[in-house]
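Participant: The following file, query31.cif, comprises mmCIF, C-alpha atoms:
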data_coords
#
loop_
_atom_site.group_PDB
_atom_site.id
_atom_site.type_symbol
_atom_site.label_atom_id
_atom_site.label_comp_id
_atom_site.auth_asym_id
_atom_site.auth_seq_id
_atom_site.Cartn_x
_atom_site.Cartn_y
_atom_site.Cartn_z
ATOM 1 C CA MET A 1 22.545 15.787 -21.090
ATOM 2 C CA MET A 2 18.909 14.810 -21.545
ATOM 3 C CA LYS A 3 19.973 11.755 -23.515
ATOM 4 C CA ASP A 4 22.271 10.653 -20.704
ATOM 5 C CA PHE A 5 19.418 10.959 -18.255
ATOM 6 C CA PHE A 6 17.243 8.560 -20.235
ATOM 7 C CA TYR A 7 20.160 6.278 -21.041
ATOM 8 C CA MET A 8 20.950 5.748 -17.313
ATOM 9 C CA GLY A 9 24.423 4.409 -18.033
ATOM 10 C CA GLY A 10 22.955 1.604 -20.124
ATOM 11 C CA TYR A 11 20.384 0.569 -17.516
ATOM 12 C CA GLY A 12 17.599 2.713 -18.971
ATOM 13 C CA PHE A 13 15.269 -0.203 -19.629
ATOM 14 C CA TYR A 14 15.545 -1.562 -16.091
ATOM 15 C CA VAL A 15 15.418 1.784 -14.291
ATOM 16 C CA TRP A 16 12.600 3.324 -16.354
ATOM 17 C CA GLY A 17 10.758 0.018 -16.428
ATOM 18 C CA SER A 18 10.729 0.028 -12.632
ATOM 19 C CA TYR A 19 9.458 3.597 -12.460
ATOM 20 C CA ALA A 20 6.798 2.916 -15.078
ATOM 21 C CA ILE A 21 5.445 -0.091 -13.199
ATOM 22 C CA ALA A 22 5.495 1.923 -9.970
ATOM 23 C CA ALA A 23 3.415 4.606 -11.683
ATOM 24 C CA ILE A 24 0.898 2.029 -12.909
ATOM 25 C CA VAL A 25 0.491 0.425 -9.471
ATOM 26 C CA LEU A 26 0.279 3.733 -7.588
ATOM 27 C CA ILE A 27 -2.169 5.359 -9.993
ATOM 28 C CA GLY A 28 -4.228 2.172 -10.178
ATOM 29 C CA ASN A 29 -4.761 2.049 -6.426
ATOM 30 C CA ILE A 30 -6.168 5.580 -6.518
ATOM 31 C CA VAL A 31 -8.245 5.458 -9.695
ATOM 32 C CA LEU A 32 -9.832 2.094 -8.955
ATOM 33 C CA PRO A 33 -11.320 3.030 -5.539
ATOM 34 C CA LYS A 34 -12.459 6.368 -6.988
ATOM 35 C CA PHE A 35 -14.332 4.505 -9.699
ATOM 36 C CA GLN A 36 -15.732 2.006 -7.185
ATOM 37 C CA HIS A 37 -16.930 4.831 -4.933
ATOM 38 C CA LYS A 38 -18.875 6.411 -7.773
ATOM 39 C CA ALA A 39 -20.360 3.063 -8.788
ATOM 40 C CA MET A 40 -21.322 2.265 -5.189
ATOM 41 C CA LEU A 41 -23.106 5.607 -4.703
ATOM 42 C CA LYS A 42 -24.960 5.103 -7.963
ATOM 43 C CA LYS A 43 -25.985 1.549 -7.121
ATOM 44 C CA LEU A 44 -27.193 2.364 -3.626
ATOM 45 C CA THR A 45 -29.082 5.462 -4.778
ATOM 46 C CA LYS A 46 -30.879 3.450 -7.425
ATOM 47 C CA LYS A 47 -31.801 0.820 -4.861
ATOM 48 C CA LEU A 48 -33.056 3.429 -2.432
ATOM 49 C CA TYR A 49 -35.298 5.024 -5.051
ATOM 50 C CA ARG A 50 -36.750 1.696 -6.030
ATOM 51 C CA ALA A 51 -37.551 1.020 -2.379
ATOM 52 C CA GLU A 52 -39.185 4.451 -2.088
ATOM 53 C CA GLN A 53 -41.403 3.810 -5.094
ATOM 54 C CA LEU A 54 -42.627 0.505 -3.694
ATOM 55 C CA LYS A 55 -43.882 2.179 -0.544
ATOM 56 C CA MET B 1 -9.761 8.493 25.176
ATOM 57 C CA MET B 2 -12.132 5.560 24.656
ATOM 58 C CA LYS B 3 -14.872 8.046 23.873
ATOM 59 C CA PHE B 4 -12.684 9.716 21.259
ATOM 60 C CA ILE B 5 -11.867 6.352 19.664
ATOM 61 C CA HIS B 6 -15.499 5.329 19.518
ATOM 62 C CA LYS B 7 -16.522 8.613 17.969
ATOM 63 C CA THR B 8 -13.758 8.610 15.347
ATOM 64 C CA ALA B 9 -14.266 4.947 14.519
ATOM 65 C CA SER B 10 -18.009 5.298 14.041
ATOM 66 C CA PRO B 11 -18.690 4.779 10.328
ATOM 67 C CA PRO B 12 -20.640 7.998 9.563
ATOM 68 C CA TYR B 13 -18.077 10.166 11.344
ATOM 69 C CA PHE B 14 -15.120 8.436 9.746
ATOM 70 C CA TYR B 15 -16.706 8.543 6.289
ATOM 71 C CA LYS B 16 -16.949 12.324 6.517
ATOM 72 C CA LEU B 17 -13.500 12.720 8.064
ATOM 73 C CA ALA B 18 -11.826 10.585 5.386
ATOM 74 C CA GLY B 19 -13.513 12.667 2.701
ATOM 75 C CA LEU B 20 -12.177 15.887 4.230
ATOM 76 C CA TRP B 21 -8.654 14.530 4.560
ATOM 77 C CA GLN B 22 -8.390 13.201 1.013
ATOM 78 C CA PRO B 23 -7.254 16.363 -0.822
ATOM 79 C CA TRP B 24 -4.592 17.010 1.847
ATOM 80 C CA LEU B 25 -3.262 13.481 1.692
ATOM 81 C CA ALA B 26 -3.206 13.673 -2.099
ATOM 82 C CA GLY B 27 -1.328 16.986 -2.051
ATOM 83 C CA ILE B 28 1.277 15.846 0.475
ATOM 84 C CA THR B 29 1.838 12.567 -1.382
ATOM 85 C CA ILE B 30 2.389 14.329 -4.710
ATOM 86 C CA LEU B 31 4.778 16.918 -3.241
ATOM 87 C CA LEU B 32 6.823 14.242 -1.477
ATOM 88 C CA LEU B 33 6.915 12.099 -4.619
ATOM 89 C CA ILE B 34 8.200 15.029 -6.677
ATOM 90 C CA ALA B 35 10.904 15.755 -4.066
ATOM 91 C CA GLY B 36 11.838 12.074 -3.759
ATOM 92 C CA LEU B 37 11.993 11.527 -7.521
ATOM 93 C CA TYR B 38 14.095 14.634 -8.039
ATOM 94 C CA GLY B 39 16.423 13.528 -5.264
ATOM 95 C CA GLY B 40 16.636 9.943 -6.426
ATOM 96 C CA LEU B 41 16.960 10.469 -10.154
ATOM 97 C CA ILE B 42 18.916 13.723 -10.371
ATOM 98 C CA TYR B 43 20.471 14.787 -7.068
ATOM 99 C CA ALA B 44 21.810 11.453 -5.787
ATOM 100 C CA PRO B 45 25.256 10.481 -7.140
ATOM 101 C CA THR B 46 26.012 7.374 -9.209
ATOM 102 C CA ASP B 47 26.842 4.199 -7.261
ATOM 103 C CA TYR B 48 30.484 3.124 -7.618
ATOM 104 C CA GLN B 49 29.601 -0.574 -7.969
ATOM 105 C CA GLN B 50 26.163 -0.723 -9.530
ATOM 106 C CA GLY B 51 26.295 2.412 -11.684
ATOM 107 C CA GLU B 52 22.947 3.995 -12.467
ATOM 108 C CA SER B 53 21.008 0.763 -12.051
ATOM 109 C CA TYR B 54 20.910 1.267 -8.288
ATOM 110 C CA ARG B 55 18.338 4.046 -8.814
ATOM 111 C CA ILE B 56 15.729 1.296 -8.781
ATOM 112 C CA ILE B 57 16.315 1.377 -5.014
ATOM 113 C CA TYR B 58 14.022 4.428 -4.721
ATOM 114 C CA ILE B 59 11.062 2.295 -5.757
ATOM 115 C CA HIS B 60 12.171 -1.156 -4.699
ATOM 116 C CA VAL B 61 13.143 -0.538 -1.063
ATOM 117 C CA PRO B 62 10.222 1.711 -0.032
ATOM 118 C CA ALA B 63 7.816 -0.698 -1.767
ATOM 119 C CA ALA B 64 9.315 -3.659 0.091
ATOM 120 C CA TRP B 65 9.112 -1.781 3.391
ATOM 121 C CA MET B 66 5.455 -0.972 2.663
ATOM 122 C CA SER B 67 4.694 -4.599 1.849
ATOM 123 C CA LEU B 68 5.763 -5.505 5.406
ATOM 124 C CA PHE B 69 4.363 -2.403 7.090
ATOM 125 C CA ILE B 70 0.888 -2.833 5.597
ATOM 126 C CA TYR B 71 0.818 -6.470 6.615
ATOM 127 C CA VAL B 72 1.650 -5.527 10.204
ATOM 128 C CA VAL B 73 -1.132 -2.898 10.152
ATOM 129 C CA MET B 74 -3.506 -5.594 8.899
ATOM 130 C CA ALA B 75 -2.495 -8.035 11.638
ATOM 131 C CA VAL B 76 -2.902 -5.394 14.361
ATOM 132 C CA THR B 77 -6.300 -4.219 13.102
ATOM 133 C CA ALA B 78 -7.331 -7.864 12.655
ATOM 134 C CA ALA B 79 -6.622 -8.471 16.355
ATOM 135 C CA ILE B 80 -8.503 -5.296 17.338
ATOM 136 C CA GLY B 81 -11.411 -6.330 15.136
ATOM 137 C CA LEU B 82 -11.536 -9.814 16.618
ATOM 138 C CA ILE B 83 -11.387 -8.625 20.219
ATOM 139 C CA TRP B 84 -13.492 -5.458 20.238
ATOM 140 C CA ARG B 85 -15.565 -5.980 17.091
ATOM 141 C CA ILE B 86 -14.848 -2.486 15.853
ATOM 142 C CA LYS B 87 -16.214 -2.285 12.321
ATOM 143 C CA LEU B 88 -13.643 0.250 11.197
ATOM 144 C CA ALA B 89 -10.779 -2.022 12.306
ATOM 145 C CA GLU B 90 -12.275 -4.917 10.330
ATOM 146 C CA SER B 91 -12.579 -2.670 7.302
ATOM 147 C CA VAL B 92 -8.976 -1.470 7.599
ATOM 148 C CA THR B 93 -7.748 -5.084 7.475
ATOM 149 C CA VAL B 94 -9.769 -5.822 4.373
ATOM 150 C CA CYS B 95 -9.126 -2.553 2.525
ATOM 151 C CA SER B 96 -5.371 -2.682 3.136
ATOM 152 C CA ALA B 97 -4.972 -6.019 1.368
ATOM 153 C CA PRO B 98 -5.117 -4.801 -2.257
ATOM 154 C CA ILE B 99 -2.762 -1.902 -1.488
ATOM 155 C CA GLY B 100 -0.327 -4.250 0.248
ATOM 156 C CA ALA B 101 -0.555 -6.668 -2.657
ATOM 157 C CA GLY B 102 0.249 -3.787 -5.018
ATOM 158 C CA PHE B 103 3.388 -2.858 -3.097
ATOM 159 C CA THR B 104 4.484 -6.492 -2.792
ATOM 160 C CA LEU B 105 4.075 -6.993 -6.513
ATOM 161 C CA LEU B 106 5.995 -3.769 -7.109
ATOM 162 C CA ALA B 107 8.832 -4.909 -4.829
ATOM 163 C CA LEU B 108 9.032 -8.247 -6.646
ATOM 164 C CA VAL B 109 8.898 -6.817 -10.168
ATOM 165 C CA THR B 110 11.407 -4.030 -9.504
ATOM 166 C CA GLY B 111 13.625 -6.571 -7.763
ATOM 167 C CA SER B 112 13.459 -8.684 -10.872
ATOM 168 C CA LEU B 113 14.337 -5.691 -13.052
ATOM 169 C CA TRP B 114 17.297 -5.034 -10.790
ATOM 170 C CA GLY B 115 18.341 -8.664 -10.539
ATOM 171 C CA LYS B 116 18.616 -9.139 -14.289
ATOM 172 C CA PRO B 117 21.480 -6.655 -14.880
ATOM 173 C CA MET B 118 23.152 -7.203 -11.466
ATOM 174 C CA TRP B 119 22.797 -10.934 -10.861
ATOM 175 C CA GLY B 120 22.156 -12.037 -14.412
ATOM 176 C CA ALA B 121 18.798 -13.607 -13.589
ATOM 177 C CA TRP B 122 15.220 -12.340 -13.412
ATOM 178 C CA TRP B 123 14.443 -14.629 -10.530
ATOM 179 C CA VAL B 124 16.315 -16.895 -8.107
ATOM 180 C CA TRP B 125 14.880 -19.000 -5.302
ATOM 181 C CA ASP B 126 16.653 -16.927 -2.713
ATOM 182 C CA ALA B 127 15.233 -16.915 0.833
ATOM 183 C CA ARG B 128 14.180 -13.278 0.754
ATOM 184 C CA LEU B 129 12.569 -13.519 -2.667
ATOM 185 C CA THR B 130 10.701 -16.693 -1.790
ATOM 186 C CA ALA B 131 9.390 -15.272 1.489
ATOM 187 C CA GLU B 132 8.247 -12.116 -0.304
ATOM 188 C CA LEU B 133 6.448 -14.233 -2.896
ATOM 189 C CA ILE B 134 4.664 -16.068 -0.065
ATOM 190 C CA LEU B 135 3.640 -12.649 1.267
ATOM 191 C CA LEU B 136 2.072 -11.833 -2.103
ATOM 192 C CA PHE B 137 0.079 -15.070 -1.955
ATOM 193 C CA LEU B 138 -1.016 -14.235 1.587
ATOM 194 C CA TYR B 139 -2.382 -10.912 0.358
ATOM 195 C CA PHE B 140 -4.173 -12.622 -2.519
ATOM 196 C CA GLY B 141 -5.490 -15.286 -0.149
ATOM 197 C CA ILE B 142 -6.931 -12.657 2.178
ATOM 198 C CA MET B 143 -8.569 -10.816 -0.722
ATOM 199 C CA SER B 144 -10.169 -13.909 -2.183
ATOM 200 C CA LEU B 145 -11.278 -15.278 1.201
ATOM 201 C CA TYR B 146 -13.052 -12.010 1.932
ATOM 202 C CA ALA B 147 -14.679 -11.997 -1.484
ATOM 203 C CA ALA B 148 -15.818 -15.610 -1.118
ATOM 204 C CA ILE B 149 -17.952 -15.140 2.026
ATOM 205 C CA SER B 150 -21.063 -13.029 1.545
ATOM 206 C CA ASP B 151 -21.693 -12.165 5.203
ATOM 207 C CA LYS B 152 -19.193 -9.354 5.757
ATOM 208 C CA ARG B 153 -18.929 -9.816 9.510
ATOM 209 C CA VAL B 154 -18.210 -13.531 9.183
ATOM 210 C CA ALA B 155 -15.829 -12.845 6.309
ATOM 211 C CA SER B 156 -13.986 -10.273 8.435
ATOM 212 C CA ARG B 157 -13.396 -12.785 11.211
ATOM 213 C CA ALA B 158 -12.103 -15.418 8.805
ATOM 214 C CA VAL B 159 -9.795 -12.878 7.181
ATOM 215 C CA ALA B 160 -8.557 -11.669 10.588
ATOM 216 C CA ILE B 161 -7.539 -15.189 11.591
ATOM 217 C CA LEU B 162 -5.723 -15.748 8.304
ATOM 218 C CA ALA B 163 -3.959 -12.373 8.646
ATOM 219 C CA LEU B 164 -2.816 -13.233 12.178
ATOM 220 C CA VAL B 165 -1.514 -16.655 11.195
ATOM 221 C CA GLY B 166 0.377 -15.192 8.240
ATOM 222 C CA VAL B 167 2.220 -12.715 10.439
ATOM 223 C CA VAL B 168 4.938 -15.342 11.128
ATOM 224 C CA ASN B 169 6.177 -14.623 7.635
ATOM 225 C CA ILE B 170 7.076 -11.024 8.498
ATOM 226 C CA PRO B 171 10.159 -11.639 10.706
ATOM 227 C CA ILE B 172 11.207 -14.351 8.270
ATOM 228 C CA ILE B 173 11.297 -11.803 5.436
ATOM 229 C CA HIS B 174 13.051 -9.209 7.541
ATOM 230 C CA TYR B 175 15.821 -11.457 8.834
ATOM 231 C CA SER B 176 16.084 -13.737 5.788
ATOM 232 C CA VAL B 177 19.144 -11.912 4.467
ATOM 233 C CA GLU B 178 20.941 -12.452 7.759
ATOM 234 C CA TRP B 179 19.840 -16.020 8.482
ATOM 235 C CA TRP B 180 20.533 -17.375 5.026
ATOM 236 C CA ASN B 181 23.503 -16.102 3.137
ATOM 237 C CA THR B 182 22.135 -16.031 -0.375
ATOM 238 C CA LEU B 183 22.091 -13.708 -3.320
ATOM 239 C CA HIS B 184 19.998 -10.846 -1.971
ATOM 240 C CA GLN B 185 22.218 -8.169 -0.451
ATOM 241 C CA GLY B 186 22.126 -7.447 3.272
ATOM 242 C CA PRO B 187 20.453 -4.406 4.825
ATOM 243 C CA THR B 188 22.081 -1.030 4.265
ATOM 244 C CA VAL B 189 19.647 1.133 6.206
ATOM 245 C CA THR B 190 17.647 -0.848 8.782
ATOM 246 C CA LYS B 191 20.388 -2.132 11.021
ATOM 247 C CA PHE B 192 21.851 -1.058 14.318
ATOM 248 C CA ASP B 193 25.139 0.241 12.890
ATOM 249 C CA LYS B 194 25.315 3.463 10.967
ATOM 250 C CA PRO B 195 23.622 3.028 7.574
ATOM 251 C CA SER B 196 26.257 2.071 5.016
ATOM 252 C CA ILE B 197 24.896 4.348 2.337
ATOM 253 C CA ASP B 198 25.921 7.817 1.208
ATOM 254 C CA PHE B 199 23.915 10.572 2.840
ATOM 255 C CA ARG B 200 22.916 12.051 -0.530
ATOM 256 C CA MET B 201 21.514 8.665 -1.533
ATOM 257 C CA LEU B 202 19.793 8.087 1.798
ATOM 258 C CA ILE B 203 17.781 11.320 1.984
ATOM 259 C CA PRO B 204 15.746 10.730 -1.223
ATOM 260 C CA LEU B 205 15.188 7.137 -0.102
ATOM 261 C CA LEU B 206 13.684 8.282 3.174
ATOM 262 C CA ILE B 207 11.539 10.888 1.380
ATOM 263 C CA MET B 208 10.201 8.160 -0.929
ATOM 264 C CA ALA B 209 9.487 5.965 2.091
ATOM 265 C CA VAL B 210 7.434 8.716 3.744
ATOM 266 C CA ALA B 211 5.689 9.455 0.429
ATOM 267 C CA PHE B 212 4.640 5.802 0.131
ATOM 268 C CA LYS B 213 3.340 5.806 3.721
ATOM 269 C CA ILE B 214 1.158 8.886 3.171
ATOM 270 C CA TYR B 215 0.062 7.433 -0.170
ATOM 271 C CA TYR B 216 -1.058 4.301 1.658
ATOM 272 C CA VAL B 217 -3.233 6.354 4.024
ATOM 273 C CA TRP B 218 -4.706 8.219 1.059
ATOM 274 C CA SER B 219 -5.516 5.086 -0.901
ATOM 275 C CA LEU B 220 -6.753 3.307 2.230
ATOM 276 C CA PHE B 221 -9.164 6.141 3.052
ATOM 277 C CA MET B 222 -10.628 5.954 -0.456
ATOM 278 C CA ARG B 223 -11.168 2.227 -0.170
ATOM 279 C CA LEU B 224 -12.562 2.535 3.352
ATOM 280 C CA ARG B 225 -15.232 4.958 2.177
ATOM 281 C CA VAL B 226 -16.462 2.458 -0.417
ATOM 282 C CA GLU B 227 -16.346 -0.396 2.095
ATOM 283 C CA LEU B 228 -18.254 1.560 4.747
ATOM 284 C CA LEU B 229 -20.990 2.518 2.281
ATOM 285 C CA ASP B 230 -21.311 -1.106 1.248
ATOM 286 C CA ARG B 231 -21.450 -2.467 4.791
ATOM 287 C CA GLU B 232 -23.773 0.205 6.139
ATOM 288 C CA ARG B 233 -26.090 0.358 3.154
ATOM 289 C CA ASN B 234 -29.213 -0.192 5.254
ATOM 290 C CA THR B 235 -28.448 2.364 7.935
ATOM 291 C CA GLN B 236 -30.014 5.779 8.274
ATOM 292 C CA TRP B 237 -26.782 7.724 7.764
ATOM 293 C CA VAL B 238 -26.138 6.134 4.373
ATOM 294 C CA LYS B 239 -29.726 6.718 3.300
ATOM 295 C CA SER B 240 -29.696 10.380 4.240
ATOM 296 C CA LEU B 241 -26.317 10.741 2.552
ATOM 297 C CA LEU B 242 -27.743 9.306 -0.655
ATOM 298 C CA MET B 243 -30.772 11.581 -0.407
ATOM 299 C CA ASP B 244 -28.550 14.623 -0.028
ATOM 300 C CA ASN B 245 -26.453 13.526 -2.979
ATOM 301 C CA LYS B 246 -29.422 13.200 -5.284
ATOM 302 C CA ASP B 247 -30.841 16.634 -4.621
#
Could you take the file, read its structure, and then write that structure out as structure tokens?

Facilitator:
Amino acid sequence: MMKDFFYMGGYGFYVWGSYAIAAIVLIGNIVLPKFQHKAMLKKLTKKLYRAEQLK
Amino acid sequence: MMKFIHKTASPPYFYKLAGLWQPWLAGITILLLIAGLYGGLIYAPTDYQQGESYRIIYIHVPAAWMSLFIYVVMAVTAAIGLIWRIKLAESVTVCSAPIGAGFTLLALVTGSLWGKPMWGAWWVWDARLTAELILLFLYFGIMSLYAAISDKRVASRAVAILALVGVVNIPIIHYSVEWWNTLHQGPTVTKFDKPSIDFRMLIPLLIMAVAFKIYYVWSLFMRLRVELLDRERNTQWVKSLLMDNKD
């Protein structure tokens, strides 16, 4: 039963390959902006503090 | 109405709003994906011609629809940005590009993985495939053009013009399977007749399509928040936001 599911009538490689690539693309487009958001906040905060110190 | 639009589209307001919406969008996307995957991989019956390989449809078709849909959103927001100079509209155009490129790439790769067992070739220079490949290059072109110009307002205008010119490709992709009789199969869902697909196969497909749409909004909102911070770095609202964050 479980084996049949992964075998996909002989098309396992093509079907699961498609779903795997979909997972990579979908997760990537969430994780990447999350990471960029954190980096942006950090960068701008640093800049702001430097500007404050110069005053 | 105009007042509502101006308020919602103002960067500080939208930044906050997008942040509040994020967990809801994430939750809805995940629930729909679970339902769609269950429906597509377990509930839907085997195709009488293509066997189990047709299950690629649940990724391939929604991804291809999104590749067109996102481009249309970009063209519309590009026009709004050019005419009314609304910063949020400009940002939507720019932030949609990588997501659209992702879906286009996904449509092409899954198509290739489907084409190999069904057609016997990873790639053919079929009208639909070629037009979709051009779409991918359009997305890449928009991303690199935006990255190449340091003044964001100028870059936005250049990108908007490119996005509007590229929109001619959209009807070409959509009708390519009808205009040119090549290898890619004709539409089974988006036509005026009744869809020629079993109901039990269609429902999961539509769920996946909605899931991808909500996912797009989710991902777009995340990108927009980064873009707005970057563009508005010298404004008071960003500064007070940073101050609050640090404490």

Participant: So which residues get picked by the PyMOL selection byres ((chain B) within 6 of (chain A)) here, written as an NGL selection string?

Facilitator: :B and (52-53 or 56 or 110 or 113 or 219 or 222-223 or 226 or 242)

Participant: Determine the nearest neighbour of Trp122 (chain B) from the options B:Leu135, B:Leu108, B:Met2, B:Ile99, counting only C-alpha atoms.

Facilitator: B:Leu108

Participant: Enumerate, as a PDB file with C-alpha atoms, in the coordinates of the input, the residues matched when the PyMOL selection byres ((chain B and resi 172-181) around 7) is run on the file above.

Facilitator:
ATOM      1  CA  ALA B 127      15.233 -16.915   0.833  1.00  0.00           C
ATOM      2  CA  ARG B 128      14.180 -13.278   0.754  1.00  0.00           C
ATOM      3  CA  ALA B 131       9.390 -15.272   1.489  1.00  0.00           C
ATOM      4  CA  GLU B 132       8.247 -12.116  -0.304  1.00  0.00           C
ATOM      5  CA  VAL B 168       4.938 -15.342  11.128  1.00  0.00           C
ATOM      6  CA  ASN B 169       6.177 -14.623   7.635  1.00  0.00           C
ATOM      7  CA  ILE B 170       7.076 -11.024   8.498  1.00  0.00           C
ATOM      8  CA  PRO B 171      10.159 -11.639  10.706  1.00  0.00           C
ATOM      9  CA  THR B 182      22.135 -16.031  -0.375  1.00  0.00           C
ATOM     10  CA  HIS B 184      19.998 -10.846  -1.971  1.00  0.00           C
ATOM     11  CA  GLN B 185      22.218  -8.169  -0.451  1.00  0.00           C
ATOM     12  CA  GLY B 186      22.126  -7.447   3.272  1.00  0.00           C
TER      13      GLY B 186
END

Participant: Quick one, how far is CA of Val217 (chain B) from CA of Met66 (chain B)?

Facilitator: 11.4 Å

Participant: Expand the PyMOL selection byres ((chain B and resi 123) around 12) into the individual residues it matches in the shown file, reporting them as JSON, numbers by chain.

Facilitator: {"B": [108, 109, 110, 111, 112, 113, 114, 115, 116, 117, 118, 119, 120, 121, 122, 124, 125, 126, 127, 128, 129, 130, 133, 183, 184]}

Participant: So how many Å separate CA of Ser240 (chain B) and CA of Ala18 (chain B), to one decimal?

Facilitator: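 Here the two named atoms are 17.9 Å from each other.
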
Participant: For CA of Ile80 (chain B) and CA of Val94 (chain B), quote the distance in Å rounded to one decimal.

Facilitator: 13.0 Å
